[in-house]
Amino acid sequence: MKRRQFFGDFLVGGALLSSTATTLAPQTATSPAASQPGSPDNLVIERPASGKPHAGKVLAAIQPHVDDLPIFAGGTIAKLVSEGYTGVLIRTSNDEMVGDGTVGDRVLSNERDNDAVAKALGLSKVFNLEYRNHQMDGISREEFRQRLILLIRMLKIDTIVCYDPWGSYEENPDHYVTAQVVEAACWMAGRDSDYPEQVAAGLPPHAVQEKYYFARGPQLVNRIVDISPWIDRKVDANLANKTQGPAGDNGARLRAKLAAQKLRLPILGHDDDSANRAYIKNFVLDYDSLYQRGVPSDKQIGRTYGLEWAEAFHYIGPSQSRLDRYISENAIPL
């Protein structure tokens, strides 16, 4: 569903301040996230880090469509970049199905928005793979995977942010195909026997060490990221997504509608720009998570864990063999 249309219909329908989304029940910071069946007990809250602990590392933010990362992971991306990552944005589809005008008009407007999203999140380079929108279940996964492995090796990508390949009840083929191919590419990129011609061309094996996977349905959540200091950057990224995101002029429209009724919402401010920003922050990222199929909003997640704003992920970190772990825990100096 087109998110701008959803929020526009929601506004016009007069139901702006109500929601049927499930609210997370209060719980401790080490308990599993509500509405996320099967979440582990060893859930980690990732908080802001001082300095640049990730300096020298490369982050790849990967999305099928221009509106995916801004909604589900924009705060975490902005956080990691501010903590030292060099970031790139990889968009896998051409977004031809959403927007006004001809197919060419839609492709161009979404490409421009994608560039603006990258800039808002501090990502330094954009790669558009341009697969046909909503038709990625018919492409060659091997060819897609090979392209991603080339990028992982060439850019020396350390960390990935993408859709969860194990997310449940995902009907969009672009989402689940991208996620599954990314997962395989992260592993195969570290093997010298896979695509040896790339190695011979000067691109040595390079395995991705960390993955932040998000979903718009139930998933195994084991990491909550505090995005409170970066919430305005996330708002910026969503405002940059004019063609298909929840931004548009919904805030300005609501402000004008209320003014015609001799009413005013103070949070909308006194101009259209303030109204549009407030709409994203106070309604899209707070009240409403209907389009996320019951996945709690950033505000709801934060409230559950004693934070102001937060995003939820299935996180996979660097692997350690049983031998390495035993040595680190038991070795003593000679």
# chains A, B, ... in the order shown; residues from 1 in each chain; ligands from 1

$ closest_atom_pairs --of "stretch 136-255 of chain A" --to "stretch 58-61 of chain A" --cutoff "9 Å" --atoms "only C-alpha atoms" --output "tab-separated table"
residue	atom	partner	partner_atom	distance
A:Ile152	CA	A:Ala60	CA	8.5
A:Leu155	CA	A:Val58	CA	7.4
A:Lys156	CA	A:Val58	CA	6.7
A:Ile157	CA	A:Val58	CA	4.9
A:Asp158	CA	A:Val58	CA	5.3
A:Thr159	CA	A:Leu59	CA	4.8
A:Ile160	CA	A:Ala60	CA	5.0
A:Val161	CA	A:Ala61	CA	4.8
A:Cys162	CA	A:Ala61	CA	6.4

$ closest_atom_pairs --of "stretch 50-87 of chain A" --to "stretch 214-225 of chain A" --cutoff "8 Å" --atoms "only C-alpha atoms" --output "Markdown table"
| residue | atom | partner | partner_atom | distance |
| --- | --- | --- | --- | --- |
| A:Phe72 | CA | A:Phe214 | CA | 6.7 |
| A:Ala73 | CA | A:Phe214 | CA | 7.3 |
| A:Thr76 | CA | A:Val225 | CA | 6.6 |

$ residues_around --residues "A:Asp113" --least-positions-apart "5" --cutoff "7 Å" --atoms "only C-alpha atoms" --output "ChimeraX atom specification"
/A:240-242

$ atom_distance --atom1 "atom CA of A:Val235" --atom2 "atom CA of A:Gly251"
12.8 Å

$ closest_atom_pairs --of "stretch 174-230 of chain A" --to "stretch 266-285 of chain A" --cutoff "12 Å" --atoms "only C-alpha atoms" --output "Markdown table"
| residue | atom | partner | partner_atom | distance |
| --- | --- | --- | --- | --- |
| A:Ile227 | CA | A:Leu285 | CA | 11.9 |
| A:Ser228 | CA | A:Lys281 | CA | 11.7 |
| A:Trp230 | CA | A:Lys281 | CA | 11.8 |

$ write_last_selection --atoms "C-alpha atoms" --output "PDB file, in the first residue's frame"
ATOM      1  CA  ILE A 227      17.687   6.603  18.662  1.00  0.00           C
ATOM      2  CA  SER A 228      16.549   9.513  20.850  1.00  0.00           C
ATOM      3  CA  TRP A 230      18.836  11.165  16.220  1.00  0.00           C
TER       4      TRP A 230
END

$ closest_residue --among "A:Ile149, A:Leu254, A:Ile301, A:Ala310" --to "A:Ala185" --atoms "only C-alpha atoms"
A:Ile149

$ closest_residue --among "A:Met188, A:Leu148, A:Leu89, A:Ala201" --to "A:Asp68" --atoms "only C-alpha atoms"
A:Leu89

$ closest_residue --among "A:Asp286, A:Leu108, A:Ala260, A:Ile62" --to "A:Val182" --atoms "only C-alpha atoms"
A:Ile62

$ atom_distance --atom1 "atom CA of A:Arg153" --atom2 "atom CA of A:Gly202"
9.4 Å

$ closest_residue --among "A:Leu123, A:Ala116, A:Leu43, A:Leu80" --to "A:Thr243" --atoms "only C-alpha atoms"
A:Ala116
